[in-house]
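J.: I'm passing along final_10.txt; it holds compact mmCIF, C-alpha atoms.
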# COMPACT_ATOMS: atom_id res chain seq x y z
CA MET A 1 150.21 -131.49 -117.35
CA GLU A 2 151.80 -130.89 -120.71
CA SER A 3 154.03 -127.82 -121.10
CA LYS A 4 153.11 -125.84 -124.16
CA LEU A 5 155.81 -123.75 -125.80
CA LYS A 6 154.78 -120.19 -126.59
CA PHE A 7 155.21 -119.14 -130.20
CA ARG A 8 157.79 -116.40 -130.70
CA PRO A 9 157.98 -114.55 -134.00
CA ASN A 10 161.22 -114.12 -135.88
CA PRO A 11 162.95 -111.10 -134.25
CA ASN A 12 164.69 -110.26 -137.53
CA LEU A 13 161.38 -109.34 -139.16
CA LYS A 14 159.74 -105.92 -139.03
CA LEU A 15 156.99 -105.35 -136.45
CA MET A 16 154.03 -105.80 -138.79
CA ASP A 17 155.53 -108.95 -140.29
CA GLN A 18 155.91 -110.35 -136.78
CA VAL A 19 152.28 -109.49 -136.04
CA ARG A 20 151.13 -111.28 -139.18
CA GLU A 21 153.28 -114.30 -138.30
CA VAL A 22 151.69 -114.58 -134.84
CA ILE A 23 148.16 -114.15 -136.20
CA LYS A 24 148.75 -116.88 -138.77
CA CYS A 25 150.18 -119.15 -136.09
CA HIS A 26 146.95 -118.75 -134.13
CA ARG A 27 145.00 -119.53 -137.31
CA ARG A 28 142.93 -116.36 -137.35
CA ALA A 29 140.99 -115.31 -140.44
CA TYR A 30 142.61 -113.04 -143.00
CA CYS A 31 140.10 -110.25 -142.28
CA THR A 32 141.06 -110.48 -138.57
CA GLU A 33 144.71 -110.11 -139.56
CA GLN A 34 143.87 -107.02 -141.61
CA THR A 35 141.86 -105.48 -138.77
CA TYR A 36 144.58 -106.06 -136.17
CA CYS A 37 147.20 -104.57 -138.46
CA GLN A 38 145.03 -101.52 -139.18
CA TRP A 39 144.53 -100.90 -135.46
CA ILE A 40 148.26 -101.18 -134.80
CA LEU A 41 149.08 -98.78 -137.62
CA ARG A 42 146.48 -96.28 -136.37
CA TYR A 43 147.98 -96.51 -132.89
CA ILE A 44 151.50 -95.87 -134.22
CA HIS A 45 150.40 -92.95 -136.41
CA TYR A 46 148.42 -91.38 -133.56
CA PHE A 47 151.72 -90.80 -131.74
CA GLY A 48 153.57 -89.36 -134.72
CA GLY A 49 154.54 -92.59 -136.44
CA LYS A 50 158.05 -92.66 -135.02
CA THR A 51 157.58 -94.24 -131.61
CA TYR A 52 157.84 -98.01 -131.28
CA PRO A 53 154.63 -99.29 -129.61
CA ARG A 54 156.58 -101.19 -126.94
CA LEU A 55 157.84 -97.82 -125.64
CA LEU A 56 154.32 -96.44 -125.17
CA GLY A 57 152.56 -97.04 -121.88
CA ALA A 58 149.06 -97.52 -120.52
CA LYS A 59 148.33 -93.77 -120.49
CA ASN A 60 149.12 -93.62 -124.19
CA MET A 61 146.72 -96.49 -124.85
CA GLU A 62 143.99 -94.79 -122.84
CA ALA A 63 144.50 -91.55 -124.77
CA PHE A 64 144.27 -93.41 -128.08
CA LEU A 65 141.15 -95.36 -127.14
CA SER A 66 139.34 -92.33 -125.73
CA LEU A 67 139.25 -90.50 -129.06
Translate this structure into structure tokens?
T.:
Amino acid sequence: MESKLKFRPNPNLKLMDQVREVIKCHRRAYCTEQTYCQWILRYIHYFGGKTYPRLLGAKNMEAFLSL
């Protein structure tokens, strides 16, 4: 079985630039990239826009999705 290395975005980039880099690596359509980025930005702004998404937990995600 062949080991496949997982793509890791450049940690020196901002979050949204990292997201775009990963989406492009997976060869998704541009409209998919836009949609994913819009959802991420909505999620961040829902919690005041100052909390890094990695610090939010499952309960935060449930609260956001149950709007």
J.: Any idea what's packed within 12 Å of Gln34 in chain A, counting only C-alpha atoms, ignoring anything in its chain fewer than 2 positions away? Could you give it as JSON, numbers by chain?
T.: {"A": [16, 17, 19, 20, 23, 24, 28, 29, 30, 31, 32, 36, 37, 38, 39, 40, 41]}
J.: Between A:Leu55, A:Glu33, A:Glu21, A:Phe47, which is the closest to Phe7 in chain A once you count all atoms listed in the file?
T.: A:Glu21
J.: Can you measure CA of Leu13 in chain A to CA of Glu62 in chain A for me? One decimal in Å is fine.
T.: 27.9 Å
J.: Expressed in Å to a single decimal, how great is the separation between CA of Arg27 in chain A and CA of Asn12 in chain A?
T.: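 It comes out at 21.8 Å.
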J.: Kindly indicate which residue among A:Phe64, A:Cys25, A:Leu15, A:Thr35 lies nearest to Tyr52 in chain A, using all atoms listed in the file for the distances.
T.: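 For Tyr52 in chain A, the nearest of the candidates is A:Leu15.
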J.: Nearest to Val22 in chain A among A:Arg8, A:Ala63, A:Thr51, A:Ala58, with distances taken over all atoms listed in the file: which residue is it?
T.: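 Closest to Val22 in chain A, using all atoms listed in the file: A:Arg8.
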J.: Please compute the CA of Leu67 in chain A-CA of Lys50 in chain A distance, one decimal, in Å.
T.: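 Between CA of Leu67 in chain A and CA of Lys50 in chain A the gap is 19.8 Å.
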